[in-house]
Amino acid sequence: MTKSGSNAMWGGRFAAGPDAIMEAINASISFDKRLFAEDIEGSRAHAAMLAATGILSDSDAEAIREGLLTVLSEIETGDFPFSAALEDIHMNVESRLKEIIGEPAGRLHTARSRNDQVATDFKLWTRGQIDAAMEGLRALIGALLDQAEAGAGWVMPGFTHLQTAQPVTWGHHMMAYVEMFGRDLSRFRDARARMNESPLGAAALAGTSFPIDRHMTAEALGFDRPAANSLDAVSDRDFALEFLSAASICAVHLSRFAEELVIWASAQFRFVVLSDRFSTGSSIMPQKKNPDAAELIRAKIGRILGAQVALFTVMKGLPLAYSKDMQEDKEQVFDAADTLLLSLAAMTGMVSDMTANRPALEAAAASGFSTATDLADWLVREAGLPFREAHHVTGTLVAMAEAKGCDLPELTLAEMQSVHDAVTEDVFGVLGVQNSVASRTSYGGTAPDQVRAQVARWKEVMG
Ligand code: ARG
């Protein structure tokens with residue numbers, strides 16, 4: 001029997017209910033209701049295990065199973081009376097179960113605590129988000145591979161310091177992001193493998209005297225094994241920290257790429273045309289087509305990294321085992337996961353739809369003396385000059401072209417020979433951008449054949 005006003009789940013020793021402000025700071029139901037499916041899944045596995053080990057009668061277990069399914073459908077259809085007085089999703093579900101099936105509901109929490117329950121729910125949820133992030137990354141990598149394959153031989157300027165450096169290929173640039181997002185994928189995969197141990201059955205912190213079977217619940221919930229230390233099991237949130245860390249690194253990659261798209265879509269660059277589907281207009285300037293999705297992706301890193309810093313700060317300095325501080329883990333992770341998945345989807349849409357402006361890319365690739373290194377390399381290879389001298393001769397030729405207002409290939413042979421007499425007609429062969437990229441055949445280099453080989457390798461990896 002509970003006294004009026006006190007909490008039905010833990011009010012036994014309380015004479016009065018909580019102050020409204022206490023309830024407001026304590027309740028997590030407004031956000032942890034998001035864990036309802038995982039909570040019910042965990043409870044079903046727990047009840048089945050209690051029956052299999054003889055801790056619970058089969059008829060009670062059956063009543064609990066059916067009742068939980070009813071609760072699940074009530075929540076799914078939006079027909080569930082969530083209550084802040086019942087604090088969190090765990091007690092909301094259990095209390096409703098009691099209303100539906102009566103006395104057996106009170107036996108569900110045998111050999112379990114909200115501490116192992118919440119750790120289990122949250123881990124299951126985070127694992128699902130990792131799977132979704134990996135799916136999103138696979139789709140993005142697929143879109144990048146399509147771009148890279150189509151444009152393996154298209155030339156564009158490669159930059160350092162955002163200054164024209166050397167010509168590269170469109171495919172090579174796309175494949176650079178494939179490498180980054182591929183590492184992100186493997187980070188999520190690693191995190192998933194490491195986190196996949198079940199906290200359920202750790203109980204409050206010390207384990208339980210009931211003859212439970214933690215291997216059975218672990219298996220039922222798709223975990224590889226039960227967590228080996230009950231104190232650790234209820235206080236571990238490094239699975240969430242690892243998810244946020246992997247998400248933050250992925251968001252850095254997304255943000256860098258988004259920045260490039262913003263630059264490329266500008267009227268000054270015109271390297272790409274973004275589709276109407278992934279652009280917006282201006283309400284005052286009719287000519288404008290804005291890369292809003294790219295700008296937002298560029299900015300979203302702030303939320304994800306913010307979540308990471310917030311959770312690191314919550315967890316640092318917490319003594320073992322569970323502390324209520326840990327209730328502050330969820331909203332950050334929820335928001336970071338939503339943000340990451342949306343950013344991945346938006347980036348995939350933009351990349352699939354975007355059109356490279358080949359003439360603009362090619363013109364830009366040929367300007368800015370982008371083949372100066374090729375000229376210096378030619379002087380080393382064909383004329384036997386030491387690289388430092390070749391560098392100096394090339395610099396003089398660049399200055400000459402600049403003074404003339406032309407690019408390197410437009411200098412005459414006589415002009416070149418006036419700087420160094422070892423220059424021959426053959427030099428013009430390396431001054432063209434196509435020849436330049438085709439010559440970069442070292443492993444991982446920008447030559448179209450190298451790019452095609454990497455596309456083929458990744459297509460095989462991605463299956
Ligand atoms: N709502 C709590 C949380 O999210 C559940 C665990 C509460 N455990 C406790 N002993 N008060 O962390």
# chains A, B, ... in the order shown; residues from 1 in each chain; ligands from 1
call {"tool": "residues_near_ligand", "arguments": {"ligand": "ligand 1", "cutoff": "12 Å", "atoms": "only C-alpha atoms and all ligand atoms", "output": "PyMOL selection string"}}
result
chain A and resi 9-10+25-35+39+84+86-92+112-123+203-205+234-237+321-331
call {"tool": "residues_around", "arguments": {"residues": "Ala61 (chain A)", "least_positions_apart": "6", "cutoff": "8 Å", "atoms": "only C-alpha atoms", "output": "list of chain:residue names"}}
result
A:Ala47, A:Ala48, A:Leu50, A:Ala51, A:Pro104
call {"tool": "residues_around", "arguments": {"residues": "region 451-459 of chain A", "least_positions_apart": "6", "cutoff": "8 Å", "atoms": "only C-alpha atoms", "output": "number ranges by chain"}}
result
A: 145, 148-149, 152, 171-172, 175, 444-445
call {"tool": "closest_residue", "arguments": {"among": "A:Ala299, A:Val273, A:Val380, A:Met156", "to": "Ser367 (chain A)", "atoms": "only C-alpha atoms"}}
result
A:Met156
call {"tool": "residues_around", "arguments": {"residues": "His392 (chain A)", "least_positions_apart": "2", "cutoff": "12 Å", "atoms": "only C-alpha atoms", "output": "list of chain:residue names"}}
result
A:Ala372, A:Thr373, A:Leu375, A:Ala376, A:Asp377, A:Leu379, A:Val380, A:Leu385, A:Pro386, A:Phe387, A:Arg388, A:Glu389, A:Ala390, A:Thr394, A:Gly395, A:Thr396, A:Leu397, A:Val398, A:Ala399, A:Val419, A:His420
call {"tool": "select_by_dssp", "arguments": {"residues": "region 224-460 of chain A", "states": "alpha helix (DSSP H)", "output": "MDAnalysis selection string"}}
result
chainID A and resid 230:235 238:264 292:315 330:353 358:366 372:383 387:404 413:419 428:431 433:439 448:460
call {"tool": "residues_around", "arguments": {"residues": "Ala220 (chain A)", "least_positions_apart": "6", "cutoff": "10 Å", "atoms": "only C-alpha atoms", "output": "list in words"}}
result
Glu41, Gly42, Arg44, Ala45, His46, Ala48, Met49 and Arg214 of chain A
call {"tool": "write_last_selection", "arguments": {"atoms": "C-alpha atoms", "output": "mmCIF file, in the first residue's frame"}}
result
data_model
loop_
_atom_site.group_PDB
_atom_site.id
_atom_site.type_symbol
_atom_site.label_atom_id
_atom_site.label_comp_id
_atom_site.auth_asym_id
_atom_site.auth_seq_id
_atom_site.Cartn_x
_atom_site.Cartn_y
_atom_site.Cartn_z
ATOM 1 C CA GLU A 41 12.282 -5.446 -25.363
ATOM 2 C CA GLY A 42 14.581 -5.619 -22.327
ATOM 3 C CA ARG A 44 10.422 -9.143 -22.243
ATOM 4 C CA ALA A 45 13.850 -10.762 -22.315
ATOM 5 C CA HIS A 46 14.123 -10.403 -18.538
ATOM 6 C CA ALA A 48 11.342 -14.859 -20.236
ATOM 7 C CA MET A 49 14.623 -15.511 -18.424
ATOM 8 C CA ARG A 214 22.600 -13.418 -17.868
#
call {"tool": "closest_residue", "arguments": {"among": "A:Leu140, A:Thr412, A:Ala366, A:Val430", "to": "Gln166 (chain A)", "atoms": "only C-alpha atoms"}}
result
A:Ala366
call {"tool": "closest_residue", "arguments": {"among": "A:Gly128, A:Gly349, A:Gly463, A:Gly151", "to": "Asp276 (chain A)", "atoms": "only C-alpha atoms"}}
result
A:Gly349
call {"tool": "atom_distance", "arguments": {"atom1": "CA of Phe271 (chain A)", "atom2": "CA of Lys404 (chain A)"}}
result
27.1 Å
call {"tool": "closest_residue", "arguments": {"among": "A:Pro291, A:Gly306, A:Gly368, A:Gly384", "to": "Val333 (chain A)", "atoms": "only C-alpha atoms"}}
result
A:Gly306
call {"tool": "residues_around", "arguments": {"residues": "Ser266 (chain A)", "least_positions_apart": "4", "cutoff": "12 Å", "atoms": "only C-alpha atoms", "output": "compact mmCIF listing (two decimals) with N, CA and C atoms, in the first residue's frame"}}
result
# COMPACT_ATOMS: atom_id res chain seq x y z
N GLU A 259 31.93 22.72 -46.61
CA GLU A 259 32.62 23.99 -46.88
C GLU A 259 33.11 24.04 -48.33
N GLU A 260 33.64 22.92 -48.81
CA GLU A 260 34.09 22.89 -50.21
C GLU A 260 32.92 23.09 -51.17
N LEU A 261 31.79 22.46 -50.84
CA LEU A 261 30.63 22.61 -51.73
C LEU A 261 30.14 24.05 -51.75
N VAL A 262 30.17 24.70 -50.60
CA VAL A 262 29.76 26.11 -50.55
C VAL A 262 30.67 26.95 -51.46
N ARG A 270 32.17 28.37 -59.49
CA ARG A 270 31.29 27.63 -60.43
C ARG A 270 31.82 26.23 -60.75
N PHE A 271 32.38 25.55 -59.77
CA PHE A 271 32.89 24.18 -60.00
C PHE A 271 31.75 23.17 -60.04
N VAL A 272 30.69 23.45 -59.30
CA VAL A 272 29.56 22.51 -59.29
C VAL A 272 28.24 23.28 -59.40
N VAL A 273 27.25 22.57 -59.89
CA VAL A 273 25.87 23.07 -59.83
C VAL A 273 25.13 22.13 -58.89
N LEU A 274 24.59 22.70 -57.81
CA LEU A 274 23.79 21.89 -56.89
C LEU A 274 22.38 21.83 -57.43
N LYS A 288 19.45 34.49 -56.71
CA LYS A 288 20.24 33.63 -55.83
C LYS A 288 19.75 32.20 -55.71
N LYS A 289 20.73 31.32 -55.63
CA LYS A 289 20.46 29.92 -55.34
C LYS A 289 21.46 29.56 -54.26
N ASN A 290 20.94 29.35 -53.07
CA ASN A 290 21.85 29.21 -51.93
C ASN A 290 22.10 27.74 -51.55
N PRO A 291 23.34 27.45 -51.17
CA PRO A 291 23.67 26.07 -50.77
C PRO A 291 23.35 25.83 -49.29
N ASN A 357 30.93 21.06 -63.11
CA ASN A 357 31.02 21.95 -64.27
C ASN A 357 32.39 21.72 -64.91
call {"tool": "closest_residue", "arguments": {"among": "A:His173, A:Lys316, A:His161, A:Arg183", "to": "Asp238 (chain A)", "atoms": "only C-alpha atoms"}}
result
A:Lys316
call {"tool": "residues_around", "arguments": {"residues": "Ile141 (chain A)", "least_positions_apart": "4", "cutoff": "9 Å", "atoms": "only C-alpha atoms", "output": "list in words"}}
result
Gly136, Leu137, Leu145, Asp146, Met175, Tyr177, Val178, Glu179, Phe181, Gly182, Thr348, Trp458 and Met462 of chain A
call {"tool": "closest_residue", "arguments": {"among": "A:Val427, A:Glu402, A:Leu68, A:Glu62", "to": "Arg381 (chain A)", "atoms": "only C-alpha atoms"}}
result
A:Val427
call {"tool": "atom_distance", "arguments": {"atom1": "CA of Leu344 (chain A)", "atom2": "CA of Ala251 (chain A)"}}
result
8.8 Å
call {"tool": "atom_distance", "arguments": {"atom1": "CA of Trp154 (chain A)", "atom2": "CA of Thr169 (chain A)"}}
result
5.3 Å
